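Asker: Here you go, final12.pdb (PDB, C-alpha atoms):
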ATOM      1  CA  MET I 185       3.378   0.035  48.928  1.00  0.00           C
ATOM      2  CA  THR I 186       5.022  -3.372  49.299  1.00  0.00           C
ATOM      3  CA  GLU I 187       7.325  -4.917  46.699  1.00  0.00           C
ATOM      4  CA  LYS I 188       4.607  -7.470  45.893  1.00  0.00           C
ATOM      5  CA  GLU I 189       2.050  -4.722  45.239  1.00  0.00           C
ATOM      6  CA  LYS I 190       4.490  -2.893  42.959  1.00  0.00           C
ATOM      7  CA  THR I 191       5.073  -5.945  40.785  1.00  0.00           C
ATOM      8  CA  SER I 192       1.366  -6.796  40.483  1.00  0.00           C
ATOM      9  CA  GLU I 193       0.522  -3.400  39.002  1.00  0.00           C
ATOM     10  CA  PRO I 194       0.175  -3.218  35.218  1.00  0.00           C
ATOM     11  CA  GLN I 195       3.480  -2.169  33.714  1.00  0.00           C
ATOM     12  CA  ALA I 196       3.897  -0.006  30.648  1.00  0.00           C
ATOM     13  CA  ASP I 197       5.567  -2.118  27.995  1.00  0.00           C
ATOM     14  CA  PRO I 198       7.474  -0.108  25.384  1.00  0.00           C
ATOM     15  CA  ALA I 199       7.035  -2.994  22.896  1.00  0.00           C
ATOM     16  CA  VAL I 200       3.257  -2.494  22.827  1.00  0.00           C
ATOM     17  CA  SER I 201       2.011  -0.608  19.785  1.00  0.00           C
ATOM     18  CA  VAL I 202      -1.161   1.459  19.936  1.00  0.00           C
ATOM     19  CA  VAL I 203      -2.406   3.057  16.718  1.00  0.00           C
ATOM     20  CA  GLY I 204      -5.270   5.480  17.169  1.00  0.00           C
ATOM     21  CA  PRO I 205      -8.099   6.092  14.711  1.00  0.00           C
ATOM     22  CA  HIS I 206      -6.237   8.980  13.052  1.00  0.00           C
ATOM     23  CA  ASP I 207      -2.755   7.448  13.252  1.00  0.00           C
ATOM     24  CA  GLY I 208      -0.768   5.167  10.998  1.00  0.00           C
ATOM     25  CA  GLU I 209       1.014   5.647   7.726  1.00  0.00           C
ATOM     26  CA  THR I 210      -1.288   6.675   4.855  1.00  0.00           C
ATOM     27  CA  ILE I 211      -0.651   5.357   1.357  1.00  0.00           C
ATOM     28  CA  VAL I 212      -2.802   6.635  -1.503  1.00  0.00           C
ATOM     29  CA  LEU I 213      -2.911   4.582  -4.689  1.00  0.00           C
ATOM     30  CA  GLY I 214      -5.336   6.160  -7.107  1.00  0.00           C
ATOM     31  CA  THR I 215      -8.840   5.542  -5.758  1.00  0.00           C
ATOM     32  CA  THR I 216      -7.589   3.389  -2.874  1.00  0.00           C
ATOM     33  CA  ARG I 217      -6.506   4.850   0.459  1.00  0.00           C
ATOM     34  CA  MET I 218      -4.554   2.550   2.747  1.00  0.00           C
ATOM     35  CA  ARG I 219      -3.691   3.147   6.372  1.00  0.00           C
ATOM     36  CA  VAL I 220      -0.846   0.949   7.600  1.00  0.00           C
ATOM     37  CA  LEU I 221      -1.673   0.025  11.173  1.00  0.00           C
ATOM     38  CA  GLU I 222       1.275  -2.324  11.677  1.00  0.00           C
ATOM     39  CA  ASP I 223       4.156  -2.527   9.218  1.00  0.00           C
ATOM     40  CA  GLY I 224       5.831  -5.463  10.936  1.00  0.00           C
ATOM     41  CA  SER I 225       8.220  -3.386  13.032  1.00  0.00           C
ATOM     42  CA  HIS I 226       6.396  -4.332  16.253  1.00  0.00           C
ATOM     43  CA  THR I 227       5.819  -7.996  15.382  1.00  0.00           C
ATOM     44  CA  GLY I 228       9.293  -9.156  14.459  1.00  0.00           C
ATOM     45  CA  HIS I 229       8.094  -8.841  10.829  1.00  0.00           C
ATOM     46  CA  ARG I 230       5.724 -11.796  11.317  1.00  0.00           C
ATOM     47  CA  LEU I 231       2.571  -9.752  10.674  1.00  0.00           C
ATOM     48  CA  ALA I 232       1.498  -6.503   9.040  1.00  0.00           C
ATOM     49  CA  ILE I 233      -2.012  -5.010   9.099  1.00  0.00           C
ATOM     50  CA  ALA I 234      -3.580  -2.321   6.933  1.00  0.00           C
ATOM     51  CA  GLU I 235      -6.998  -0.746   6.536  1.00  0.00           C
ATOM     52  CA  SER I 236      -7.980   0.007   2.944  1.00  0.00           C
ATOM     53  CA  VAL I 237     -10.793   2.164   1.643  1.00  0.00           C
ATOM     54  CA  LEU I 238     -11.762   1.316  -1.933  1.00  0.00           C
ATOM     55  CA  ALA I 239     -13.721   4.065  -3.661  1.00  0.00           C
ATOM     56  CA  PRO I 240     -16.759   3.014  -5.715  1.00  0.00           C
ATOM     57  CA  HIS I 241     -15.843   1.273  -8.982  1.00  0.00           C
ATOM     58  CA  THR I 242     -12.232   0.655  -7.966  1.00  0.00           C
ATOM     59  CA  GLN I 243     -10.406  -2.044  -9.870  1.00  0.00           C
ATOM     60  CA  GLY I 244      -7.769  -3.930  -7.928  1.00  0.00           C
ATOM     61  CA  PRO I 245      -4.390  -5.214  -9.034  1.00  0.00           C
ATOM     62  CA  PRO I 246      -3.948  -7.767 -11.810  1.00  0.00           C
ATOM     63  CA  GLN I 247      -4.680 -11.284 -10.584  1.00  0.00           C
ATOM     64  CA  HIS I 248      -1.484 -12.485  -8.897  1.00  0.00           C
ATOM     65  CA  ARG I 249       0.123 -15.102  -6.643  1.00  0.00           C
ATOM     66  CA  HIS I 250       2.255 -14.452  -3.560  1.00  0.00           C
ATOM     67  CA  GLY I 251       5.176 -16.801  -3.131  1.00  0.00           C
ATOM     68  CA  GLN I 252       6.082 -16.042   0.477  1.00  0.00           C
ATOM     69  CA  HIS I 253       3.154 -14.638   2.398  1.00  0.00           C
ATOM     70  CA  ASP I 254      -0.451 -15.249   3.352  1.00  0.00           C
ATOM     71  CA  GLU I 255      -2.862 -12.402   2.794  1.00  0.00           C
ATOM     72  CA  GLY I 256      -6.101 -11.961   4.700  1.00  0.00           C
ATOM     73  CA  PHE I 257      -8.970  -9.590   3.990  1.00  0.00           C
ATOM     74  CA  TYR I 258     -11.752  -8.806   6.454  1.00  0.00           C
ATOM     75  CA  VAL I 259     -14.494  -6.668   4.915  1.00  0.00           C
ATOM     76  CA  LEU I 260     -15.571  -3.991   7.401  1.00  0.00           C
ATOM     77  CA  SER I 261     -18.127  -2.237   5.189  1.00  0.00           C
ATOM     78  CA  GLY I 262     -19.420  -2.387   1.659  1.00  0.00           C
ATOM     79  CA  THR I 263     -18.934  -5.318  -0.696  1.00  0.00           C
ATOM     80  CA  VAL I 264     -15.664  -6.390  -2.284  1.00  0.00           C
ATOM     81  CA  ARG I 265     -15.511  -8.730  -5.295  1.00  0.00           C
ATOM     82  CA  PHE I 266     -12.717 -11.270  -4.874  1.00  0.00           C
ATOM     83  CA  THR I 267     -11.638 -13.224  -7.911  1.00  0.00           C
ATOM     84  CA  VAL I 268      -9.766 -16.397  -7.035  1.00  0.00           C
ATOM     85  CA  GLY I 269      -8.715 -18.190 -10.171  1.00  0.00           C
ATOM     86  CA  ASP I 270     -11.906 -18.450 -12.230  1.00  0.00           C
ATOM     87  CA  GLU I 271     -14.265 -17.993  -9.271  1.00  0.00           C
ATOM     88  CA  ASP I 272     -15.841 -14.717  -8.131  1.00  0.00           C
ATOM     89  CA  TYR I 273     -16.924 -14.118  -4.538  1.00  0.00           C
ATOM     90  CA  ASP I 274     -18.860 -11.046  -3.432  1.00  0.00           C
ATOM     91  CA  ALA I 275     -17.719 -10.496   0.133  1.00  0.00           C
ATOM     92  CA  ALA I 276     -20.068  -8.345   2.212  1.00  0.00           C
ATOM     93  CA  ALA I 277     -19.242  -6.736   5.555  1.00  0.00           C
ATOM     94  CA  GLY I 278     -18.269  -9.383   8.099  1.00  0.00           C
ATOM     95  CA  THR I 279     -16.626 -11.688   5.535  1.00  0.00           C
ATOM     96  CA  LEU I 280     -13.066 -12.945   5.937  1.00  0.00           C
ATOM     97  CA  VAL I 281     -11.091 -14.061   2.878  1.00  0.00           C
ATOM     98  CA  MET I 282      -7.748 -15.815   3.512  1.00  0.00           C
ATOM     99  CA  VAL I 283      -5.397 -16.289   0.574  1.00  0.00           C
ATOM    100  CA  PRO I 284      -2.491 -18.713   1.080  1.00  0.00           C
ATOM    101  CA  PRO I 285       0.751 -18.461  -0.885  1.00  0.00           C
ATOM    102  CA  GLY I 286       0.451 -19.611  -4.482  1.00  0.00           C
ATOM    103  CA  THR I 287      -3.286 -18.889  -4.814  1.00  0.00           C
ATOM    104  CA  PRO I 288      -4.211 -16.573  -7.705  1.00  0.00           C
ATOM    105  CA  HIS I 289      -6.393 -13.671  -6.577  1.00  0.00           C
ATOM    106  CA  THR I 290      -7.448 -10.083  -7.027  1.00  0.00           C
ATOM    107  CA  PHE I 291     -10.218  -7.849  -5.682  1.00  0.00           C
ATOM    108  CA  ALA I 292     -12.305  -4.864  -6.723  1.00  0.00           C
ATOM    109  CA  ASN I 293     -15.140  -2.671  -5.510  1.00  0.00           C
ATOM    110  CA  LEU I 294     -17.721  -2.845  -8.286  1.00  0.00           C
ATOM    111  CA  THR I 295     -20.442  -1.079  -6.298  1.00  0.00           C
ATOM    112  CA  ASP I 296     -21.599   2.536  -6.013  1.00  0.00           C
ATOM    113  CA  GLN I 297     -20.528   2.683  -2.340  1.00  0.00           C
ATOM    114  CA  PRO I 298     -17.053   2.770  -0.754  1.00  0.00           C
ATOM    115  CA  ALA I 299     -15.787  -0.491   0.705  1.00  0.00           C
ATOM    116  CA  VAL I 300     -13.463  -0.787   3.692  1.00  0.00           C
ATOM    117  CA  MET I 301     -11.382  -3.820   4.513  1.00  0.00           C
ATOM    118  CA  LEU I 302      -8.714  -4.812   6.983  1.00  0.00           C
ATOM    119  CA  SER I 303      -5.818  -6.717   5.423  1.00  0.00           C
ATOM    120  CA  THR I 304      -3.176  -8.886   7.039  1.00  0.00           C
ATOM    121  CA  PHE I 305       0.157  -9.900   5.557  1.00  0.00           C
ATOM    122  CA  THR I 306       2.083 -12.765   7.166  1.00  0.00           C
ATOM    123  CA  PRO I 307       4.942 -12.134   7.104  1.00  0.00           C
ATOM    124  CA  ASP I 308       5.028  -8.375   6.516  1.00  0.00           C
ATOM    125  CA  LEU I 309       6.887  -8.572   3.190  1.00  0.00           C
ATOM    126  CA  TYR I 310       4.180  -6.919   1.094  1.00  0.00           C
ATOM    127  CA  VAL I 311       3.819  -3.578   2.909  1.00  0.00           C
ATOM    128  CA  GLN I 312       6.854  -2.198   1.089  1.00  0.00           C
ATOM    129  CA  TYR I 313       5.161  -3.036  -2.238  1.00  0.00           C
ATOM    130  CA  PHE I 314       2.444  -0.459  -1.473  1.00  0.00           C
ATOM    131  CA  ARG I 315       5.044   2.114  -0.472  1.00  0.00           C
ATOM    132  CA  ASP I 316       6.891   1.519  -3.733  1.00  0.00           C
ATOM    133  CA  LEU I 317       3.697   2.006  -5.754  1.00  0.00           C
ATOM    134  CA  GLN I 318       3.028   5.294  -3.979  1.00  0.00           C
ATOM    135  CA  GLU I 319       6.590   6.452  -4.748  1.00  0.00           C
ATOM    136  CA  LEU I 320       6.063   5.514  -8.402  1.00  0.00           C
ATOM    137  CA  LEU I 321       2.923   7.661  -8.557  1.00  0.00           C
ATOM    138  CA  ALA I 322       4.591  10.525  -6.667  1.00  0.00           C
ATOM    139  CA  SER I 323       7.381  10.556  -9.252  1.00  0.00           C
ATOM    140  CA  GLY I 324       4.791  11.264 -11.952  1.00  0.00           C
ATOM    141  CA  GLN I 325       4.857   7.822 -13.519  1.00  0.00           C
ATOM    142  CA  PRO I 326       1.511   6.201 -14.328  1.00  0.00           C
ATOM    143  CA  LEU I 327       0.506   3.058 -12.462  1.00  0.00           C
ATOM    144  CA  THR I 328       0.258   0.845 -15.522  1.00  0.00           C
ATOM    145  CA  PRO I 329      -0.413  -2.898 -15.272  1.00  0.00           C
ATOM    146  CA  GLN I 330       3.238  -3.520 -16.245  1.00  0.00           C
ATOM    147  CA  ALA I 331       4.566  -1.107 -13.609  1.00  0.00           C
ATOM    148  CA  ASN I 332       2.397  -2.893 -11.049  1.00  0.00           C
ATOM    149  CA  ILE I 333       3.709  -6.304 -12.153  1.00  0.00           C
ATOM    150  CA  ASP I 334       7.323  -5.090 -12.094  1.00  0.00           C
ATOM    151  CA  THR I 335       6.867  -3.808  -8.543  1.00  0.00           C
ATOM    152  CA  MET I 336       5.120  -7.024  -7.419  1.00  0.00           C
ATOM    153  CA  SER I 337       8.041  -9.100  -8.651  1.00  0.00           C
ATOM    154  CA  ARG I 338      10.335  -7.475  -6.068  1.00  0.00           C
ATOM    155  CA  TYR I 339       8.169  -8.983  -3.306  1.00  0.00           C
ATOM    156  CA  ALA I 340       7.928 -12.652  -4.306  1.00  0.00           C
ATOM    157  CA  THR I 341       4.702 -12.008  -6.228  1.00  0.00           C
ATOM    158  CA  GLN I 342       3.946 -12.864  -9.816  1.00  0.00           C
ATOM    159  CA  PRO I 343       0.973 -12.174 -12.082  1.00  0.00           C
ATOM    160  CA  ALA I 344      -1.325 -15.125 -12.684  1.00  0.00           C
ATOM    161  CA  THR I 345      -0.709 -14.974 -16.437  1.00  0.00           C
ATOM    162  CA  ASP I 346      -2.357 -18.371 -16.963  1.00  0.00           C
ATOM    163  CA  LEU I 347      -5.651 -16.713 -15.964  1.00  0.00           C
ATOM    164  CA  ALA I 348      -5.318 -13.526 -18.016  1.00  0.00           C
TER     165      ALA I 348
END
If you convert what's in this file into structure tokens, what do you get?
Answerer:
Amino acid sequence: MTEKEKTSEPQADPAVSVVGPHDGETIVLGTTRMRVLEDGSHTGHRLAIAESVLAPHTQGPPQHRHGQHDEGFYVLSGTVRFTVGDEDYDAAAGTLVMVPPGTPHTFANLTDQPAVMLSTFTPDLYVQYFRDLQELLASGQPLTPQANIDTMSRYATQPATDLA
């Protein structure tokens, strides 16, 4: 093989991340199961991605605003109710919802079927929030609205109290 042929072959790049269908970090928060597909460690912390399965009749977090990151939600199956300020949107499979910093929002699965969505966080700041919530539950503490708000505040996120 010539030197030219060697360099034109695909090269394995150790920076490439491949997460298989049964891989990734699993975070369980009550009736929501999240699988972290990218926690930011392979993207220079510019992007994190997670798959979430919301059981039927799952309420989401209190309506809140992120101060430092965009959050995207792509509904893979089921229907997710997004509340943005005073507006409700029922997002069916194939719907993308992008939430820029400062926009009040929450989500829930109000249906009798599970809902699955892919979420993006740019930058990756918010992944640790979910880990912290799981640690809170593992320690035997209940996931109260106040505990959720206290944890959010560590990640440049505040409740949208003007909409409560």
Asker: Run the PyMOL selection byres ((chain I and resi 314-321) around 10) mentally over the shown coordinates, then write out the matched residues as a ChimeraX atom specification, using the chain letters and numbers from the document.
Answerer: /I:209-214,218,220,310-313,322-327,331-332,335-336,338
Asker: Work out how far CA of Met301 in chain I is from CA of Asp207 in chain I, in Å to one decimal.
Answerer: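 Between CA of Asp207 in chain I and CA of Met301 in chain I the gap is 16.7 Å.
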Asker: Please identify all polymer residues within 12 Å of Asp346 in chain I, counting all atoms listed in the file, omitting same-chain residues fewer than 4 positions from it, and present them as a list of chain:residue names.
Answerer: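 Once the nearby chain positions are removed, what remains is I:Pro246, I:Gln247, I:His248, I:Arg249, I:Gly269, I:Asp270, I:Pro288, I:Gln342.
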Asker: With only C-alpha atoms as the atoms that count, which of I:Thr328, I:Tyr339, I:Thr216, I:Gly224 lies nearest to Phe291 in chain I?
Answerer: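 Ranking I:Thr328, I:Tyr339, I:Thr216, I:Gly224 by distance to Phe291 in chain I, first place goes to I:Thr216.
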Asker: Env of Thr215 in chain I: 7 Å cut, atoms = all atoms listed in the file, seq-sep filter 6 positions within chain, self excluded. Answer as a list in words.
Answerer: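 Everything that qualifies: Leu238, Ala239 and Thr242 of chain I.
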Asker: Between CA of Phe257 in chain I and CA of Thr279 in chain I, what is the spacing in Å?
Answerer: 8.1 Å
Asker: Determine the nearest neighbour of Glu271 in chain I from the options I:His289, I:Arg219, I:Ala344, I:Val203, counting only C-alpha atoms.
Answerer: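 Of I:His289, I:Arg219, I:Ala344, I:Val203, the one nearest Glu271 in chain I is I:His289, counting only C-alpha atoms.
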Asker: For the atom pair CA of Ala340 in chain I and CA of Gln252 in chain I, what is the interatomic distance in Å to one decimal place?
Answerer: 6.1 Å
Asker: For the provided coordinates, the residues matched by the PyMOL selection byres ((chain I and resi 230) around 6) should be stated as a compact mmCIF listing (two decimals) with C-alpha atoms, keeping the file's coordinate frame.
Answerer:
# COMPACT_ATOMS: atom_id res chain seq x y z
CA THR I 227 5.82 -8.00 15.38
CA GLY I 228 9.29 -9.16 14.46
CA HIS I 229 8.09 -8.84 10.83
CA LEU I 231 2.57 -9.75 10.67
CA THR I 306 2.08 -12.76 7.17
CA PRO I 307 4.94 -12.13 7.10
CA ASP I 308 5.03 -8.38 6.52
Asker: Identify all residues satisfying the PyMOL selection byres ((chain I and resi 265) around 8) in the given file; provide them as a compact mmCIF listing (two decimals) with C-alpha atoms, in the frame of the given file.
Answerer:
# COMPACT_ATOMS: atom_id res chain seq x y z
CA THR I 263 -18.93 -5.32 -0.70
CA VAL I 264 -15.66 -6.39 -2.28
CA PHE I 266 -12.72 -11.27 -4.87
CA THR I 267 -11.64 -13.22 -7.91
CA ASP I 272 -15.84 -14.72 -8.13
CA TYR I 273 -16.92 -14.12 -4.54
CA ASP I 274 -18.86 -11.05 -3.43
CA ALA I 275 -17.72 -10.50 0.13
CA PHE I 291 -10.22 -7.85 -5.68
CA ALA I 292 -12.30 -4.86 -6.72
CA ASN I 293 -15.14 -2.67 -5.51
CA LEU I 294 -17.72 -2.84 -8.29
Asker: Between I:Gly278, I:Leu302, I:Gly251, I:Ser261, which residue has the minimum interatomic distance to Pro343 in chain I, considering all atoms listed in the file?
Answerer: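 Closest candidate: I:Gly251.
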Asker: Closest to Thr304 in chain I among I:Val268, I:Val202, I:Val281, I:Ala276, using all atoms listed in the file?
Answerer: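 Nearest to Thr304 in chain I: I:Val281.
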Asker: With all atoms listed in the file as the basis for distance, which of I:Ser236, I:Tyr258, I:Phe305, I:Gly286 is at the shortest distance from Asp223 in chain I?
Answerer: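 Checking each candidate against Asp223 in chain I, we get I:Phe305 as the closest.
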